[in-house]
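J.: Contents are mmCIF, C-alpha atoms and all ligand atoms; file name target-v9.cif:
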```cif
data_upload
#
loop_
_atom_site.label_atom_id
_atom_site.label_comp_id
_atom_site.auth_asym_id
_atom_site.auth_seq_id
_atom_site.Cartn_x
_atom_site.Cartn_y
_atom_site.Cartn_z
CA MET A 1 10.96 9.93 34.48
CA ILE A 2 7.31 10.54 33.69
CA ASN A 3 4.85 10.71 36.55
CA ASN A 4 2.66 7.71 36.04
CA ILE A 5 -0.34 9.30 37.72
CA LEU A 6 -2.27 11.55 35.41
CA ASN A 7 -5.75 12.05 36.72
CA ARG A 8 -8.34 13.22 34.23
CA GLU A 9 -10.72 14.52 36.85
CA ASN A 10 -8.08 16.73 38.40
CA GLN A 11 -6.90 18.12 35.10
CA LYS A 12 -10.27 18.66 33.37
CA GLY A 13 -9.93 20.37 29.98
CA ALA A 14 -6.17 20.64 30.18
CA LEU A 15 -5.84 16.91 29.80
CA LYS A 16 -7.13 16.86 26.27
CA ASP A 17 -4.22 19.05 25.20
CA THR A 18 -1.58 17.15 27.11
CA LEU A 19 -2.55 13.49 27.00
CA CYS A 20 -1.32 12.79 23.45
CA ALA A 21 1.96 14.54 24.28
CA ASP A 22 2.29 12.62 27.55
CA LEU A 23 1.73 9.34 25.74
CA ASN A 24 4.47 10.24 23.32
CA ILE A 25 6.84 10.89 26.24
CA LEU A 26 5.83 7.59 27.84
CA PHE A 27 6.50 5.76 24.57
CA GLU A 28 9.94 7.34 24.12
CA GLU A 29 10.91 6.56 27.74
CA GLN A 30 9.59 3.01 27.54
CA LYS A 31 11.71 2.38 24.42
CA LYS A 32 14.80 3.43 26.42
CA GLU A 33 14.06 1.40 29.54
CA TRP A 34 12.38 -1.65 28.01
CA PRO A 35 14.52 -3.19 25.20
CA PHE A 36 11.84 -5.79 24.44
CA LEU A 37 9.34 -3.06 23.53
CA LYS A 38 11.91 -1.19 21.45
CA GLN A 39 12.71 -4.38 19.51
CA LYS A 40 9.03 -5.09 18.78
CA PHE A 41 8.49 -1.59 17.37
CA GLU A 42 11.63 -1.96 15.29
CA ASN A 43 10.33 -5.29 13.97
CA LEU A 44 7.14 -3.51 12.95
CA ASN A 45 9.10 -1.10 10.75
CA SER A 46 10.12 -4.02 8.55
CA ALA A 47 6.80 -5.93 8.69
CA ALA A 48 5.77 -7.09 5.23
CA VAL A 49 2.43 -5.74 3.96
CA ARG A 50 0.47 -7.04 0.98
CA GLU A 51 -2.62 -5.50 -0.58
CA ILE A 52 -5.51 -7.48 -2.00
CA GLN A 53 -8.07 -5.72 -4.13
CA VAL A 54 -11.55 -6.87 -3.13
CA ASN A 55 -14.48 -5.38 -5.00
CA ASN A 56 -14.13 -1.59 -4.77
CA SER A 57 -11.79 -1.61 -1.82
CA VAL A 58 -8.45 -2.86 -0.62
CA VAL A 59 -7.71 -5.24 2.23
CA LYS A 60 -4.17 -5.22 3.58
CA LEU A 61 -2.36 -8.19 5.07
CA GLN A 62 0.39 -7.62 7.61
CA TYR A 63 2.92 -10.37 8.35
CA ASN A 64 3.52 -9.95 12.07
CA PRO A 65 5.03 -13.02 13.82
CA ASP A 66 5.06 -11.20 17.16
CA ARG A 67 1.26 -11.40 17.18
CA ILE A 68 1.15 -15.22 17.33
CA HIS A 69 0.41 -15.30 21.08
CA SER A 70 -2.56 -13.01 20.61
CA THR A 71 -3.88 -14.69 17.46
CA ALA A 72 -3.55 -18.18 18.91
CA ALA A 73 -4.52 -17.27 22.50
CA ASP A 74 -6.45 -19.83 24.50
CA ILE A 75 -9.46 -17.65 25.20
CA ASP A 76 -11.16 -20.01 27.64
CA LYS A 77 -8.04 -20.12 29.78
CA HIS A 78 -7.91 -16.33 29.95
CA LEU A 79 -11.60 -16.19 30.84
CA VAL A 80 -11.21 -18.45 33.85
CA GLU A 81 -7.68 -17.86 35.13
CA PRO A 82 -7.17 -14.22 36.14
CA LYS A 83 -3.99 -15.04 38.02
CA GLU A 84 -2.32 -15.56 34.65
CA CYS A 85 -3.84 -12.40 33.14
CA PHE A 86 -1.09 -10.40 31.46
CA LEU A 87 -3.03 -7.13 31.88
CA CYS A 88 -3.07 -7.33 35.69
CA VAL A 89 -0.38 -5.20 37.35
CA SER A 90 1.05 -8.14 39.29
CA ASN A 91 1.71 -10.14 36.10
CA ARG A 92 3.13 -7.39 33.89
CA PRO A 93 6.79 -7.10 32.88
CA LYS A 94 8.66 -5.08 35.51
CA GLU A 95 9.67 -2.51 32.87
CA GLN A 96 6.09 -1.71 31.84
CA ARG A 97 4.77 1.62 33.13
CA GLY A 98 1.66 3.54 32.25
CA ILE A 99 -0.29 6.73 32.66
CA GLN A 100 -3.32 6.57 34.90
CA TYR A 101 -6.48 7.81 33.25
CA GLY A 102 -9.18 8.90 35.71
CA LYS A 103 -9.91 6.66 38.66
CA TYR A 104 -10.28 3.38 36.87
CA PHE A 105 -8.03 3.08 33.80
CA GLU A 106 -4.36 3.12 32.90
CA ILE A 107 -2.77 3.58 29.47
CA LEU A 108 0.13 1.28 28.57
CA CYS A 109 2.37 0.92 25.53
CA ASN A 110 1.40 -2.29 23.72
CA PRO A 111 4.50 -4.52 23.49
CA TYR A 112 3.06 -6.41 20.49
CA PRO A 113 2.22 -3.51 18.15
CA ILE A 114 0.22 -3.61 14.95
CA LEU A 115 0.76 0.04 14.03
CA LYS A 116 3.40 2.64 14.90
CA ASP A 117 1.14 3.97 17.65
CA HIS A 118 -0.40 1.22 19.72
CA TYR A 119 -1.54 1.60 23.32
CA THR A 120 -3.63 -0.61 25.58
CA ILE A 121 -6.07 1.13 27.91
CA VAL A 122 -6.54 -1.21 30.83
CA LYS A 123 -8.96 -1.13 33.72
CA LEU A 124 -6.94 -1.05 36.94
CA LYS A 125 -9.10 -3.77 38.47
CA HIS A 126 -9.42 -7.21 36.83
CA THR A 127 -12.99 -6.97 35.48
CA SER A 128 -14.61 -8.91 32.62
CA GLN A 129 -14.96 -7.21 29.24
CA SER A 130 -18.26 -5.35 28.84
CA LEU A 131 -18.65 -2.38 26.53
CA VAL A 132 -22.15 -1.46 27.65
CA LEU A 133 -20.86 -0.99 31.22
CA HIS A 134 -17.82 1.05 30.12
CA LEU A 135 -19.13 2.97 27.13
CA LYS A 136 -18.88 6.41 28.77
CA GLU A 137 -15.22 5.83 29.55
CA PHE A 138 -14.64 4.52 26.02
CA LEU A 139 -16.13 7.70 24.56
CA ASN A 140 -14.33 10.02 26.98
CA ILE A 141 -10.96 8.39 26.30
CA THR A 142 -11.62 8.55 22.55
CA SER A 143 -12.34 12.28 22.64
CA ASP A 144 -9.32 12.92 24.88
CA LEU A 145 -7.09 11.03 22.43
CA GLY A 146 -9.08 12.05 19.37
CA GLU A 147 -6.52 14.27 17.76
CA LYS A 148 -4.19 11.38 16.91
CA PHE A 149 -5.87 8.09 17.74
CA THR A 150 -8.65 5.71 16.82
CA LEU A 151 -9.83 3.54 19.69
CA PHE A 152 -11.18 0.06 19.45
CA TYR A 153 -12.87 -2.58 21.55
CA ASN A 154 -12.67 -6.31 20.91
CA GLY A 155 -15.34 -8.22 22.75
CA PRO A 156 -14.76 -11.62 24.35
CA ARG A 157 -14.64 -14.28 21.60
CA CYS A 158 -14.12 -11.52 19.03
CA GLY A 159 -10.35 -11.44 18.73
CA ALA A 160 -9.54 -10.20 22.24
CA SER A 161 -6.67 -12.17 23.73
CA ALA A 162 -7.41 -11.10 27.32
CA PRO A 163 -11.22 -11.22 27.44
CA GLY A 164 -11.23 -11.59 31.21
CA HIS A 165 -9.79 -8.10 31.76
CA MET A 166 -11.61 -4.97 30.60
CA HIS A 167 -9.48 -3.06 28.09
CA PHE A 168 -9.53 -0.92 24.97
CA GLN A 169 -6.76 -0.22 22.49
CA ALA A 170 -5.67 2.93 20.69
CA ILE A 171 -3.91 3.01 17.33
CA THR A 172 -2.87 5.60 14.77
CA LYS A 173 -5.93 7.45 13.46
CA ASN A 174 -7.22 7.15 9.88
CA VAL A 175 -4.89 4.34 8.87
CA LEU A 176 -7.45 1.54 8.61
CA GLN A 177 -9.04 1.13 5.20
CA ILE A 178 -12.58 1.45 6.52
CA GLU A 179 -11.72 4.92 7.83
CA LYS A 180 -10.45 5.87 4.39
CA ASP A 181 -13.47 4.33 2.63
CA PHE A 182 -16.07 5.58 5.08
CA ASP A 183 -17.32 8.66 3.23
CA SER A 184 -17.59 6.79 -0.06
CA LEU A 185 -19.65 4.07 1.67
CA ARG A 186 -22.10 6.53 3.19
CA PRO A 187 -24.48 6.81 0.18
CA ASP A 188 -25.32 3.10 0.61
CA PHE A 189 -26.13 3.36 4.31
CA VAL A 190 -29.65 2.58 5.47
CA LYS A 191 -30.80 5.07 8.07
CA SER A 192 -32.22 3.73 11.34
CA LYS A 193 -35.50 4.87 12.86
CA TYR A 194 -33.46 5.64 15.99
CA SER A 195 -31.82 8.57 14.20
CA ASN A 196 -32.92 12.05 15.29
CA GLU A 197 -31.44 15.54 15.50
CA LYS A 198 -28.99 14.40 18.20
CA ILE A 199 -27.87 11.03 16.87
CA SER A 200 -27.43 9.33 13.53
CA VAL A 201 -27.63 5.54 13.33
CA SER A 202 -27.17 3.65 10.07
CA LEU A 203 -26.61 0.16 8.75
CA SER A 204 -24.25 -1.01 6.01
CA LYS A 205 -24.34 -4.31 4.16
CA ASN A 206 -22.19 -3.58 1.13
CA TYR A 207 -18.68 -3.86 2.55
CA LEU A 208 -18.08 -7.65 2.86
CA ARG A 209 -18.76 -7.38 6.59
CA TYR A 210 -21.92 -5.93 8.07
CA PHE A 211 -21.61 -2.91 10.32
CA ILE A 212 -23.69 -0.37 12.22
CA THR A 213 -22.57 3.25 12.57
CA ILE A 214 -23.47 5.62 15.40
CA GLU A 215 -22.60 9.32 15.04
CA SER A 216 -23.39 11.94 17.66
CA SER A 217 -22.00 14.80 19.77
CA SER A 218 -23.97 13.60 22.79
CA ILE A 219 -22.52 10.92 25.06
CA LYS A 220 -25.93 10.62 26.71
CA ASP A 221 -27.70 9.84 23.43
CA ILE A 222 -25.01 7.37 22.33
CA VAL A 223 -25.21 5.50 25.64
CA LEU A 224 -29.03 5.43 25.49
CA PHE A 225 -29.06 4.03 21.97
CA PHE A 226 -26.25 1.57 22.65
CA LYS A 227 -28.21 0.07 25.55
CA GLN A 228 -31.11 -0.42 23.17
CA LEU A 229 -28.83 -1.96 20.55
CA ASN A 230 -27.33 -4.26 23.17
CA ILE A 231 -30.81 -5.58 24.00
CA ILE A 232 -31.49 -6.23 20.30
CA LEU A 233 -28.10 -7.94 19.79
CA LYS A 234 -28.69 -10.15 22.83
CA LYS A 235 -31.57 -11.76 20.93
CA ILE A 236 -29.02 -13.24 18.53
CA THR A 237 -26.43 -14.06 21.23
CA PRO A 238 -26.11 -17.24 23.32
CA PRO A 239 -27.43 -16.67 26.87
CA GLY A 240 -25.05 -15.20 29.43
CA GLN A 241 -22.64 -13.62 26.95
CA GLU A 242 -22.02 -10.07 25.85
CA PRO A 243 -23.18 -9.71 22.22
CA LEU A 244 -20.20 -10.54 20.02
CA MET A 245 -18.79 -7.37 18.50
CA ASN A 246 -15.79 -5.31 17.48
CA VAL A 247 -16.06 -1.54 17.70
CA LEU A 248 -13.91 1.21 16.20
CA CYS A 249 -14.38 4.72 17.58
CA ASN A 250 -12.98 8.08 16.61
CA TYR A 251 -13.68 11.70 17.44
CA GLU A 252 -13.75 14.49 14.88
CA ASN A 253 -15.43 17.92 14.78
CA ASP A 254 -16.84 17.50 18.30
CA ALA A 255 -18.61 14.24 17.45
CA TRP A 256 -18.00 10.56 18.06
CA ARG A 257 -18.31 7.93 15.36
CA LEU A 258 -18.63 4.30 16.37
CA ILE A 259 -18.41 1.55 13.78
CA ILE A 260 -19.83 -1.65 15.24
CA PHE A 261 -19.21 -5.03 13.62
CA PRO A 262 -21.69 -7.56 15.06
CA ARG A 263 -20.18 -11.06 15.03
CA THR A 264 -21.05 -14.73 15.16
CA LYS A 265 -17.73 -16.28 16.09
CA HIS A 266 -14.19 -15.79 17.27
CA ARG A 267 -12.37 -17.59 14.47
CA PRO A 268 -13.22 -18.74 10.93
CA THR A 269 -13.05 -22.43 10.02
CA HIS A 270 -9.72 -21.75 8.26
CA TYR A 271 -8.08 -21.51 11.70
CA PHE A 272 -9.05 -25.10 12.55
CA GLU A 273 -8.06 -26.72 9.25
CA MET A 274 -5.01 -28.99 9.02
CA GLY A 275 -1.95 -28.71 6.80
CA ASP A 276 -2.00 -26.44 3.76
CA LYS A 277 -5.63 -25.46 4.27
CA ARG A 278 -4.93 -23.90 7.66
CA ILE A 279 -4.89 -20.09 7.93
CA VAL A 280 -4.00 -18.74 11.37
CA VAL A 281 -6.12 -15.61 11.80
CA SER A 282 -8.32 -14.40 14.67
CA PRO A 283 -10.07 -11.39 13.16
CA ALA A 284 -10.64 -8.48 15.52
CA ALA A 285 -11.47 -4.78 15.08
CA VAL A 286 -8.29 -3.98 13.14
CA ASP A 287 -8.77 -6.96 10.81
CA LEU A 288 -12.40 -6.05 10.15
CA GLY A 289 -11.24 -2.49 9.62
CA GLY A 290 -9.24 -3.77 6.65
CA LEU A 291 -5.84 -4.82 8.06
CA ILE A 292 -5.66 -8.59 8.50
CA ILE A 293 -2.82 -9.70 10.78
CA THR A 294 -1.10 -12.95 9.81
CA PRO A 295 1.51 -14.19 12.31
CA ARG A 296 2.66 -16.97 9.91
CA ARG A 297 4.53 -16.15 6.70
CA GLU A 298 2.87 -19.01 4.82
CA ASP A 299 -0.58 -17.54 5.50
CA PHE A 300 0.56 -14.06 4.51
CA ASP A 301 1.82 -15.46 1.21
CA LYS A 302 -1.12 -17.69 0.32
CA ILE A 303 -4.28 -15.82 1.37
CA THR A 304 -6.43 -15.05 -1.67
CA LYS A 305 -9.22 -12.61 -2.35
CA GLU A 306 -11.67 -15.49 -1.95
CA ASP A 307 -10.19 -16.35 1.48
CA VAL A 308 -10.62 -12.73 2.61
CA ILE A 309 -14.26 -12.69 1.51
CA GLU A 310 -14.93 -16.01 3.23
CA ILE A 311 -13.13 -15.06 6.48
CA TYR A 312 -15.19 -11.85 6.74
CA ARG A 313 -18.39 -13.71 5.86
CA GLN A 314 -17.83 -16.37 8.49
CA VAL A 315 -17.06 -14.13 11.46
CA SER A 316 -19.71 -11.51 10.67
CA VAL A 317 -23.35 -12.02 11.55
CA THR A 318 -25.26 -14.07 8.99
CA SER A 319 -27.49 -12.41 6.40
CA GLU A 320 -30.51 -13.71 8.35
CA MET A 321 -29.21 -12.11 11.55
CA PHE A 322 -28.55 -8.85 9.73
CA SER A 323 -32.08 -8.91 8.33
CA TYR A 324 -33.33 -9.34 11.89
CA LEU A 325 -31.22 -6.38 13.05
CA THR A 326 -32.52 -4.33 10.14
CA SER A 327 -36.12 -5.19 11.05
CA LYS A 328 -35.51 -3.93 14.58
CA LEU A 329 -33.51 -0.82 13.72
CA VAL A 330 -34.98 0.52 10.48
ZN ZN B 1 -6.34 -9.03 34.68
#
```
Written as structure tokens, that's how I'd like the structure from this file.
Ligand SMILES: [Zn+2]
T.:
Amino acid sequence: MINNILNRENQKGALKDTLCADLNILFEEQKKEWPFLKQKFENLNSAAVREIQVNNSVVKLQYNPDRIHSTAADIDKHLVEPKECFLCVSNRPKEQRGIQYGKYFEILCNPYPILKDHYTIVKLKHTSQSLVLHLKEFLNITSDLGEKFTLFYNGPRCGASAPGHMHFQAITKNVLQIEKDFDSLRPDFVKSKYSNEKISVSLSKNYLRYFITIESSSIKDIVLFFKQLNIILKKITPPGQEPLMNVLCNYENDAWRLIIFPRTKHRPTHYFEMGDKRIVVSPAAVDLGGLIITPRREDFDKITKEDVIEIYRQVSVTSEMFSYLTSKLV
């Protein structure tokens, strides 16, 4: 049985080489001792996938009925009732084990997977989601898992189903369409005035959903800029909330790349329609990355190119908000 205490600070550089391997061992052991998890990963092998060509790119749909609890989660309930939080140790299935990461986080196999590698990185203590307060950890975990994984963060009211408990997720690297398209999108990026020899910041408006990219080898410079960005995003955020965002992060050639999707809302109007017009989606980082999860077969079958464009348009910041961001960043 794997030791479920793996302390980054004690292991220093060695961890980077062993963490991916240790996660693989955890996953294989969890499949043996937790039939529920094994079944969910087997279901994923037969999940239907459909591609929709949209402009110069492709958006994939995945029919994944196991995701219904996440997609249809009552966010307000999870924000106010930590005793029901499924990420807290006391409420987890007895079979679920993890690997401790540093003093404050633990890595768990996700029992409702979207991709063949899917881990949840959970703060040990029940603490509200806040990326600006946990960005260093997010970057450190990303570089330690960088060989095989892309990390992501879903903010509260941005697709996260447990917004009351700080967590990240890790999935198979370079599978999302935006990761495949990224280099071809780069010529259209608008460079920010915050770019310098240590950090590159750019804005993109030609990919159906607006996004901001940060690239740097310096954690210090990323954290400094992100604090600045957070202040700017707060100007277009209701008081008292973290700016709405989804963030994808990967690590390649000794540098981090964060793709930040600023948002306006948790769900598009399609979610609240009745009858045939209803489409049950709660877009989060993976969906904005180009893989839209549909827990209902009928939605998987009927979603059109126009629906995809409209869903992205509705949850992204408005063109006016993006112009405001551009005026502050460029
Ligand atoms: Zn919790």
J.: Hey, which residues sit close to ligand ZN 1 (chain B)? Say within 8 Å, counting all atoms listed in the file, and write them as a VMD selection string.
T.: chain A and resid 82 to 89 125 to 127 162 164 to 166
J.: Can you tell me how far CA of Gly289 (chain A) sits from CA of Tyr324 (chain A), in Å to one decimal?
T.: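 Result for CA of Gly289 (chain A) versus CA of Tyr324 (chain A): 23.2 Å, one decimal.
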J.: For a cut-off of 10 Å around (9.1, -2.4, 13.7), file coordinates, pick out all residues using all atoms listed in the file and list them as a list in words.
T.: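 Those within range, by chain then number, are Leu37, Lys38, Gln39, Lys40, Phe41, Glu42, Asn43, Leu44, Asn45, Ser46, Ala47, Asn64, Tyr112, Pro113, Ile114, Leu115 and Lys116 of chain A.
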J.: Please report the interatomic distance between CA of Pro295 (chain A) and CA of Gln62 (chain A) in Å with one decimal.
T.: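 Taking CA of Pro295 (chain A) as the start and CA of Gln62 (chain A) as the end point, the length is 8.2 Å.
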J.: Give me, please, the distance in Å between CA of Asn140 (chain A) and CA of Phe105 (chain A), quoted to one decimal.
T.: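 Between these atoms lies a distance of 11.6 Å.
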J.: Within 8 Å of Asn154 (chain A), counting only C-alpha atoms, which residues show up once you throw out same-chain ones fewer than 2 positions away? Write them as a ChimeraX atom specification, please.
T.: /A:152,156,158-160,168,245-247,284-285
J.: A:Thr18, A:Gln129, A:Gln241, A:Thr142: which is nearest Gly155 (chain A), counting all atoms listed in the file?
T.: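 Smallest separation from Gly155 (chain A) among the options: A:Gln129.
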J.: Find the residues near Ser282 (chain A): any atom within 8 Å, counting all atoms listed in the file, skip ones fewer than 2 places away on the same chain, and give them as a PyMOL selection string.
T.: chain A and resi 71-72+158-159+266-268+271+280+284
J.: Applying 7 Å and all atoms listed in the file, which residues near region 216-228 of chain A remain after dropping the ones on its own chain fewer than 2 positions away? List them as a count of residues only.
T.: 14
J.: List as JSON lines every residue of region 163-266 of chain A that is in contact with region 308-320 of chain A, defined as an atom at most 8 Å from one of its atoms (using all atoms listed in the file), together with the nearest atom pair and the distance in Å rounded to one decimal, sorted by chain and then rising number.
T.:
```
{"residue": "A:Leu208", "atom": "CA", "partner": "A:Tyr312", "partner_atom": "CA", "distance": 6.4}
{"residue": "A:Arg209", "atom": "CA", "partner": "A:Tyr312", "partner_atom": "CA", "distance": 5.7}
{"residue": "A:Tyr210", "atom": "CA", "partner": "A:Ser316", "partner_atom": "CA", "distance": 6.5}
{"residue": "A:Phe261", "atom": "CA", "partner": "A:Ser316", "partner_atom": "CA", "distance": 7.1}
{"residue": "A:Pro262", "atom": "CA", "partner": "A:Val317", "partner_atom": "CA", "distance": 5.9}
{"residue": "A:Arg263", "atom": "CA", "partner": "A:Ser316", "partner_atom": "CA", "distance": 4.4}
{"residue": "A:Thr264", "atom": "CA", "partner": "A:Val317", "partner_atom": "CA", "distance": 5.1}
{"residue": "A:Lys265", "atom": "CA", "partner": "A:Val315", "partner_atom": "CA", "distance": 5.1}
{"residue": "A:His266", "atom": "CA", "partner": "A:Val315", "partner_atom": "CA", "distance": 6.7}
```
J.: Using 8 Å as the limit and counting all atoms listed in the file, can you tabulate each residue of region 245-322 of chain A that touches region 169-191 of chain A, with its shortest atom-to-atom distance in Å and the two atoms involved, as CSV?
T.:
```
residue,atom,partner,partner_atom,distance
A:Asn250,CA,A:Lys173,CA,7.7
A:Val286,CA,A:Leu176,CA,7.2
A:Gly289,CA,A:Ile178,CA,5.2
A:Gly290,CA,A:Gln177,CA,5.1
A:Leu291,CA,A:Leu176,CA,6.6
```
J.: When distances are computed from all atoms listed in the file, which of A:Leu151, A:Pro243, A:Val201, A:Ile279 shows the smallest separation from Arg297 (chain A)?
T.: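 Checking each candidate against Arg297 (chain A), we get A:Ile279 as the closest.
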J.: Calculated over all atoms listed in the file, which of the candidates A:Thr237, A:Ser130, A:Gln30, A:Asn55 has the smallest distance to Gly98 (chain A)?
T.: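 Result for the nearest residue to Gly98 (chain A): A:Gln30.
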J.: Counting only C-alpha atoms, which of A:Leu23, A:Ile260, A:Leu288, A:Tyr251 gets nearest to Ser202 (chain A)?
T.: A:Ile260
J.: Can you work out which one of A:Glu33, A:Leu258, A:Val122, A:Lys305 has the shortest atom-to-atom distance to Phe211 (chain A), counting all atoms listed in the file?
T.: A:Leu258
